[in-house]
Amino acid sequence: MREWAKATVIAAGLFVAALGGGAPAATQSPTALTIFAAGTLAGPFRALDAAFATAYPNIVVRPEFAGSVAMAKRITELHQRPDLLAVADFRVIPKYLFGAADRPAYADWYAGFARNAITFTYTDASKFAAIVTPANWYAILARPGVEIGRSNPDTDPSGYQTLQMLQLAERYYRRPGLAQKILANAPPKNMRDTETALLSALQLGEIDYLAIYRSDAIQHHLKHLALPGAIDLGDPKLAKLYGTAVAQTKNGAVKGVPIIYAVTIPNNAPHPDWAQKYVALLLGAQGRKIMRESGFAPLAPAAAAGRDKMPASLRPLAAAWPSM
Amino acid sequence: MSEAAVLVRDLSLRLGSFELRNVGLSLDRGEILVLLGANGAGKSVSLEAIAGFHRLRGGRILIHGRDVTGLPPERRRVSLLFQNFGLFPHLTAAQNVAFGRRGADPSRLLARFGVAHLAAARPDNLSPGQKQRVALARALAARPDLFLFDEPFSALDAPTRDLLRGELRSFVREAGVPAIFVTHDRTDAEGLADKIAVMDKGRIIQTGEAADVLCRPADTVVAGLLGVENILPGRCLGRANGILHVAIGDAVLAARTAAAKGAVSVCIRAEDVAAMPPGREWAFSPRTWSGDWPAGGGGTAINRLMARVDAVTSLGPVYKATLDCGFPLVAYLTKREIRDLGIVFGSPVVAEIEAEAVHVLPAGATRPAAEKGG
Amino acid sequence: MAVDVSVALPRRTEKAARGRAPDRSRTLPLVFWFFGSALAAFVAIPLLGLAAMPSGAALLQVAMDASVRQAIGLSLEASFLTVALSALLGVPLAYVLARLSFPGKGFLAALLDLPLAVPHPVAGIALLSVFGRRGVLGMPAAALFGLRFWGTLAGIVAAMLFVAAPYTVSAARIGFESVDPRLEKVARTLGLGPWRTFWRVTLPLSRRSIMTGFVLTYARAISEFGAVAILAYYPMTAPVKVYELFLRFGLGEAAAMAVLLLIVCLALFILFRRLVSGGGAPAGIGR
């Protein structure tokens, strides 16, 4: 009996020692730039990576794509250290990463680099696809029997942005109760938290219309509705108007703001110099071109909040965040 | 032709690549038919076919005049026991016995077999003898018209087999139910059979009363299965005075048997070979035949051959001695004989074989396919 | 040939008394323990680490959350339905695979193990394309039975069944294969038809294996995330809820709910094992 106990202890001990010894993460030979980015940026960022690789062949870029909030939490909760974070809603960065009373500052600045808009995508198989137009969409989507898919407003920016857009639409088209009628066609059972799930559902015909970013519609070659700028959260100049729409989520009330994608370099980034080079590429002319081709509207110049805290090399590329 | 209790006619089936062809058996009440054959001969398949587990290509099965050929197994009133007796391991002895017939009181049946005290025991905890009794009680509870035993003794040692064999024989006789007993072991055949049917490669090659088959195997395959240790190639030389002379190598043997011609196989059972001390008067060199038969009826002709002992192996109660008479000859000798004869390797002996014990068969395989020994 | 036992015995006790190295028959268990402990540690340490994360207060708080309890309840219910369906459909299939031979049997058996290798979201999408509103099975199901799989319990169960049923089938198959077919034949000759034979002989003797299959199926079903999340986000199963908590609050809350779920599962598994081993039936090996 005693021998077995000894053997067990030795084995367990060796195992733990092996774990401890081998702990430093699997960093390999060439420098790897880790990027956390919102899922909707997958398309343009891959093109950006290619451009970066051409310019700096000795650096390997490792992008990961997921929900903006999930990415922010990986930094603050799981203590992961990417070199770069890009989110779909600029507010995610100050909300989760800026220093506060109960947490240290993971980031001190951000630069908005592209706009996007919320729209509805659909396919030829969608109900009323043949007759829906930018002029009558709100009536069609309110019809009973139409299935509309959307993202979870409690965890995903596009979720609450959809709610804000519907509120704005109600006022814009002067149809009280419109938002509720349309949301009746987008009940919780039609909510998913990943793009994959939502786009699959649309393409399989499970839902007829999907509230999603215009960039996604363009990248996936999907039909989409051209909504007026007054409601699609795509025009930074209309920030005040957007502010009148408030979405109720489990995390509290969220005021509408223009959809602006923002990027930051976390304070504890392992390779800040290379990260800056990447951001420089993103904010420069080549980056803007790539964003445009992917269906985003790039901000020229980029708008930075906390500009004085930006790395010196990047400051010239961004103007101060316009007051709204 | 009297109405046999069980009649199997022309049973044919195909199972994958194996074929059963024209298998036919018949037995009367309380008779035991031993189905003998090598592994793979088709014995178990035949049994299963009679029980109703295979689709037949042809043939009929009649039990007490009832044609059961088309019936499913549960309607045939046939009882099946196999190796380790097939007791259900998750039930007690009593539950096993009560299995087929709800309502029958298992304790009475168990008492009849003397195992009432084991009613609550599990098969795992029973000895083979106890298992057999419980299995028989269970089989009897179902009141079958036919018993089918599929090598139930194969995993047991010799003394247990002997004991159980005896119990089984009495049981079947008492129950008055016919039984077919499948085995590859000839001692089972010798101990149990009223009738023997020998199978090889899906066919029955000999069938008849037990004594007949045992003493007069129809060919060398049967002889091998019956455990004849000496099957030797020979040439017929001629017949005189009711004795057939057969040459095996340089030796000539006398066989009291019907006429035969040309090349034959000579079968001699090892227990029919006696070893004698080389007497002073037999001062012949080995490989010389010395014949001695008294004229006049009634006497036995005895073959005597000079031999040398090649090998001696212990088979438990007897020793198997391989003698070199110019051809290999196997004899069974007791310990006592070995001691009295002072037999060691290479020592000279005289092998004695009565003419009646020399069987002559049509030429065939000289090495039987069946397992030796046992 | 008499063996002089009196000579043999003292030597062994002498050896033990001197505290020598154990003789070779002890080496095997020791070596196996050595490697086995490594795996046991590999499983135990992260679980213990997880259990240590939330404080008692956090656990209590998460247990008070109605939506958390609802999610756990839904997971338990859906998993139970999954096991029931696996039993109803998978056990007969396992019997067929164990007893019959037919062309394509090997392929079918391999096919049934395939769901275990499919990435979960892919499985979810595949199921959606078949059971969705426009799916080849979804359309008749909706039209004939009003059964819908998008965002419903049915969808959750479908996803769980797809990934977890293979465990029932392979465990039951092994169980049936370990039952000597001759026992079934004996039962038939004792007067039982094929159905009663299955019920009274084959099933009891394979009970252990089948129950193990059920436990594995249950465990696999309850933990399924990727496929379920495609078919149904609301109503939320426990894994979906855990992830939502992570996104909305953080690791602490998510870990607390995960630990709560594990406690519930642990209790269920222990209870289930007791049910299985109770009854005193011997191991499912036919003799």
# chains A, B, ... in the order shown; residues from 1 in each chain; ligands from 1
>>> residues_around(residues="Val358 of chain B", least_positions_apart="4", cutoff="10 Å", atoms="only C-alpha atoms", output="list in words")
Asn230, Leu244, Val246, Leu253, Ala254, Ala255, Arg256, Thr257, Val266, Cys267, Ile268, Arg269, Asp272, Val273, Asn303, Ile353 and Glu354 of chain B
>>> select_by_dssp(residues="segment 39-111 of chain A", states="alpha helix (DSSP H)", output="PDB file with C-alpha atoms, in the first residue's frame")
ATOM      1  CA  ALA A  42     -12.344  39.527 -40.142  1.00  0.00           C
ATOM      2  CA  GLY A  43     -12.513  40.309 -43.829  1.00  0.00           C
ATOM      3  CA  PRO A  44     -10.611  43.594 -43.967  1.00  0.00           C
ATOM      4  CA  PHE A  45      -8.098  42.586 -41.335  1.00  0.00           C
ATOM      5  CA  ARG A  46      -7.044  39.560 -43.293  1.00  0.00           C
ATOM      6  CA  ALA A  47      -6.323  41.832 -46.229  1.00  0.00           C
ATOM      7  CA  LEU A  48      -4.491  44.134 -43.861  1.00  0.00           C
ATOM      8  CA  ASP A  49      -2.401  41.251 -42.560  1.00  0.00           C
ATOM      9  CA  ALA A  50      -1.361  40.438 -46.105  1.00  0.00           C
ATOM     10  CA  ALA A  51      -0.338  44.045 -46.694  1.00  0.00           C
ATOM     11  CA  PHE A  52       1.546  44.082 -43.398  1.00  0.00           C
ATOM     12  CA  ALA A  53       3.331  40.868 -44.235  1.00  0.00           C
ATOM     13  CA  THR A  54       4.491  42.339 -47.528  1.00  0.00           C
ATOM     14  CA  ALA A  55       5.848  45.383 -45.755  1.00  0.00           C
ATOM     15  CA  SER A  68     -16.003  42.888 -29.140  1.00  0.00           C
ATOM     16  CA  VAL A  69     -17.059  42.440 -25.550  1.00  0.00           C
ATOM     17  CA  ALA A  70     -15.703  38.906 -25.407  1.00  0.00           C
ATOM     18  CA  MET A  71     -12.369  40.177 -26.646  1.00  0.00           C
ATOM     19  CA  ALA A  72     -12.266  42.948 -24.066  1.00  0.00           C
ATOM     20  CA  LYS A  73     -13.039  40.455 -21.320  1.00  0.00           C
ATOM     21  CA  ARG A  74     -10.275  38.160 -22.422  1.00  0.00           C
ATOM     22  CA  ILE A  75      -7.912  41.006 -21.665  1.00  0.00           C
ATOM     23  CA  THR A  76      -9.392  42.085 -18.364  1.00  0.00           C
ATOM     24  CA  VAL A  92     -16.271  49.094 -25.505  1.00  0.00           C
ATOM     25  CA  ILE A  93     -12.679  50.285 -25.007  1.00  0.00           C
ATOM     26  CA  PRO A  94     -13.297  52.985 -22.410  1.00  0.00           C
ATOM     27  CA  LYS A  95     -16.003  50.923 -20.750  1.00  0.00           C
ATOM     28  CA  TYR A  96     -13.918  47.822 -20.181  1.00  0.00           C
TER      29      TYR A  96
END
>>> interface_residues(of="chain C", to="chain A", cutoff="9 Å", atoms="only C-alpha atoms", output="MDAnalysis selection string")
chainID C and resid 29:31 33:42 121 124:125 128:129 132:135 150:152 229:235 244 246:252
>>> residues_around(residues="Ala41 of chain B", least_positions_apart="5", cutoff="7 Å", atoms="only C-alpha atoms", output="ChimeraX atom specification")
/B:199-202
>>> write_last_selection(atoms="N, CA and C atoms", output="mmCIF file, in the first residue's frame")
data_model
loop_
_atom_site.group_PDB
_atom_site.id
_atom_site.type_symbol
_atom_site.label_atom_id
_atom_site.label_comp_id
_atom_site.auth_asym_id
_atom_site.auth_seq_id
_atom_site.Cartn_x
_atom_site.Cartn_y
_atom_site.Cartn_z
ATOM 1 N N MET B 199 -20.307 -37.480 -37.866
ATOM 2 C CA MET B 199 -20.395 -36.410 -38.859
ATOM 3 C C MET B 199 -19.025 -35.953 -39.304
ATOM 4 N N ASP B 200 -18.968 -35.602 -40.583
ATOM 5 C CA ASP B 200 -17.734 -35.019 -41.078
ATOM 6 C C ASP B 200 -18.088 -34.095 -42.225
ATOM 7 N N LYS B 201 -17.601 -32.868 -42.153
ATOM 8 C CA LYS B 201 -17.809 -31.908 -43.218
ATOM 9 C C LYS B 201 -19.279 -31.781 -43.618
ATOM 10 N N GLY B 202 -20.148 -31.710 -42.634
ATOM 11 C CA GLY B 202 -21.541 -31.430 -42.935
ATOM 12 C C GLY B 202 -22.365 -32.622 -43.354
#
>>> interface_residues(of="chain C", to="chain B", cutoff="6 Å", atoms="only C-alpha atoms", output="ChimeraX atom specification")
/C:183,186,188-193,281
>>> write_last_selection(atoms="C-alpha atoms", output="PDB file, in the first residue's frame")
ATOM      1  CA  LEU C 183     -28.027 -18.105 -23.615  1.00  0.00           C
ATOM      2  CA  VAL C 186     -31.600 -21.566 -24.394  1.00  0.00           C
ATOM      3  CA  ARG C 188     -35.972 -19.633 -26.744  1.00  0.00           C
ATOM      4  CA  THR C 189     -36.047 -23.365 -26.240  1.00  0.00           C
ATOM      5  CA  LEU C 190     -37.490 -22.818 -22.797  1.00  0.00           C
ATOM      6  CA  GLY C 191     -40.491 -21.325 -24.492  1.00  0.00           C
ATOM      7  CA  LEU C 192     -39.749 -17.591 -24.671  1.00  0.00           C
ATOM      8  CA  GLY C 193     -40.264 -15.743 -27.903  1.00  0.00           C
ATOM      9  CA  ALA C 281     -26.513  -8.449 -10.884  1.00  0.00           C
TER      10      ALA C 281
END
>>> closest_residue(among="C:Phe32, C:Phe269, C:Tyr243, C:Tyr218", to="Leu161 of chain C", atoms="only C-alpha atoms")
C:Tyr218
>>> atom_distance(atom1="atom CA of Leu156 of chain B", atom2="atom CA of Ala137 of chain B")
20.0 Å
>>> atom_distance(atom1="atom CA of Val163 of chain C", atom2="atom CA of Pro115 of chain C")
5.5 Å
>>> atom_distance(atom1="atom CA of Val318 of chain B", atom2="atom CA of Thr160 of chain B")
18.1 Å
>>> closest_residue(among="C:Thr168, C:Ser178, C:Thr237, C:Thr212", to="Ala84 of chain C", atoms="only C-alpha atoms")
C:Thr168
>>> residues_around(residues="Gly284 of chain A", least_positions_apart="6", cutoff="9 Å", atoms="only C-alpha atoms", output="MDAnalysis selection string")
chainID A and resid 300:302 317
>>> residues_around(residues="Leu163 of chain A", least_positions_apart="4", cutoff="8 Å", atoms="only C-alpha atoms", output="VMD selection string")
chain A and resid 153 159 167 179 247
>>> select_by_dssp(residues="segment 105-293 of chain B", states="strand (DSSP E or B)", output="PyMOL selection string")
chain B and resi 146-150+179-183+195-200+203-209+230-240+243-248+251-255+263-268+273-276+289-292
>>> write_last_selection(atoms="C-alpha atoms", output="mmCIF file, in the first residue's frame")
data_model
loop_
_atom_site.group_PDB
_atom_site.id
_atom_site.type_symbol
_atom_site.label_atom_id
_atom_site.label_comp_id
_atom_site.auth_asym_id
_atom_site.auth_seq_id
_atom_site.Cartn_x
_atom_site.Cartn_y
_atom_site.Cartn_z
ATOM 1 C CA LEU B 146 -36.343 -33.854 -27.011
ATOM 2 C CA PHE B 147 -33.129 -32.992 -25.232
ATOM 3 C CA LEU B 148 -30.224 -31.497 -27.103
ATOM 4 C CA PHE B 149 -26.838 -31.489 -25.398
ATOM 5 C CA ASP B 150 -24.113 -29.496 -27.100
ATOM 6 C CA ALA B 179 -31.672 -37.015 -26.313
ATOM 7 C CA ILE B 180 -29.101 -36.032 -28.894
ATOM 8 C CA PHE B 181 -25.659 -35.532 -27.418
ATOM 9 C CA VAL B 182 -23.004 -33.731 -29.421
ATOM 10 C CA THR B 183 -19.360 -34.335 -28.666
ATOM 11 C CA LYS B 195 -26.896 -44.843 -31.081
ATOM 12 C CA ILE B 196 -23.979 -43.074 -32.687
ATOM 13 C CA ALA B 197 -24.015 -40.842 -35.726
ATOM 14 C CA VAL B 198 -20.641 -39.719 -37.026
ATOM 15 C CA MET B 199 -20.395 -36.410 -38.859
ATOM 16 C CA ASP B 200 -17.734 -35.019 -41.078
ATOM 17 C CA ARG B 203 -22.598 -34.954 -43.677
ATOM 18 C CA ILE B 204 -23.310 -38.049 -41.665
ATOM 19 C CA ILE B 205 -20.762 -40.676 -42.632
ATOM 20 C CA GLN B 206 -21.904 -43.474 -40.377
ATOM 21 C CA THR B 207 -24.863 -44.060 -38.157
ATOM 22 C CA GLY B 208 -26.109 -47.042 -36.245
ATOM 23 C CA GLU B 209 -26.215 -48.770 -32.902
ATOM 24 C CA ASN B 230 -3.368 -47.188 -35.144
ATOM 25 C CA ILE B 231 -4.496 -46.622 -38.670
ATOM 26 C CA LEU B 232 -1.893 -48.130 -40.957
ATOM 27 C CA PRO B 233 -1.588 -48.579 -44.679
ATOM 28 C CA GLY B 234 -1.578 -52.193 -45.764
ATOM 29 C CA ARG B 235 -1.837 -54.591 -48.705
ATOM 30 C CA CYS B 236 -4.094 -57.578 -48.838
ATOM 31 C CA LEU B 237 -2.224 -60.777 -49.453
ATOM 32 C CA GLY B 238 -5.001 -63.295 -49.448
ATOM 33 C CA ARG B 239 -7.586 -65.042 -47.367
ATOM 34 C CA ALA B 240 -7.535 -68.505 -45.863
ATOM 35 C CA ILE B 243 -8.384 -65.160 -41.907
ATOM 36 C CA LEU B 244 -7.299 -62.315 -44.105
ATOM 37 C CA HIS B 245 -3.590 -61.736 -44.349
ATOM 38 C CA VAL B 246 -2.538 -58.135 -44.628
ATOM 39 C CA ALA B 247 0.982 -56.916 -45.103
ATOM 40 C CA ILE B 248 2.069 -53.774 -43.340
ATOM 41 C CA ALA B 251 5.135 -57.591 -41.317
ATOM 42 C CA VAL B 252 2.084 -59.657 -42.069
ATOM 43 C CA LEU B 253 -0.976 -59.553 -39.824
ATOM 44 C CA ALA B 254 -3.889 -61.898 -39.552
ATOM 45 C CA ALA B 255 -7.320 -60.303 -39.486
ATOM 46 C CA ALA B 263 -4.591 -51.445 -50.682
ATOM 47 C CA VAL B 264 -6.412 -51.142 -47.390
ATOM 48 C CA SER B 265 -6.203 -49.317 -44.082
ATOM 49 C CA VAL B 266 -5.693 -51.436 -41.037
ATOM 50 C CA CYS B 267 -7.198 -50.128 -37.772
ATOM 51 C CA ILE B 268 -6.066 -51.453 -34.455
ATOM 52 C CA VAL B 273 -2.393 -54.264 -28.278
ATOM 53 C CA ALA B 274 -0.847 -56.250 -25.439
ATOM 54 C CA ALA B 275 2.845 -56.221 -24.624
ATOM 55 C CA MET B 276 4.554 -59.438 -23.686
ATOM 56 C CA TRP B 289 6.514 -62.115 -38.250
ATOM 57 C CA SER B 290 5.753 -65.157 -36.311
ATOM 58 C CA GLY B 291 2.290 -66.426 -36.820
ATOM 59 C CA ASP B 292 0.639 -68.862 -34.514
#
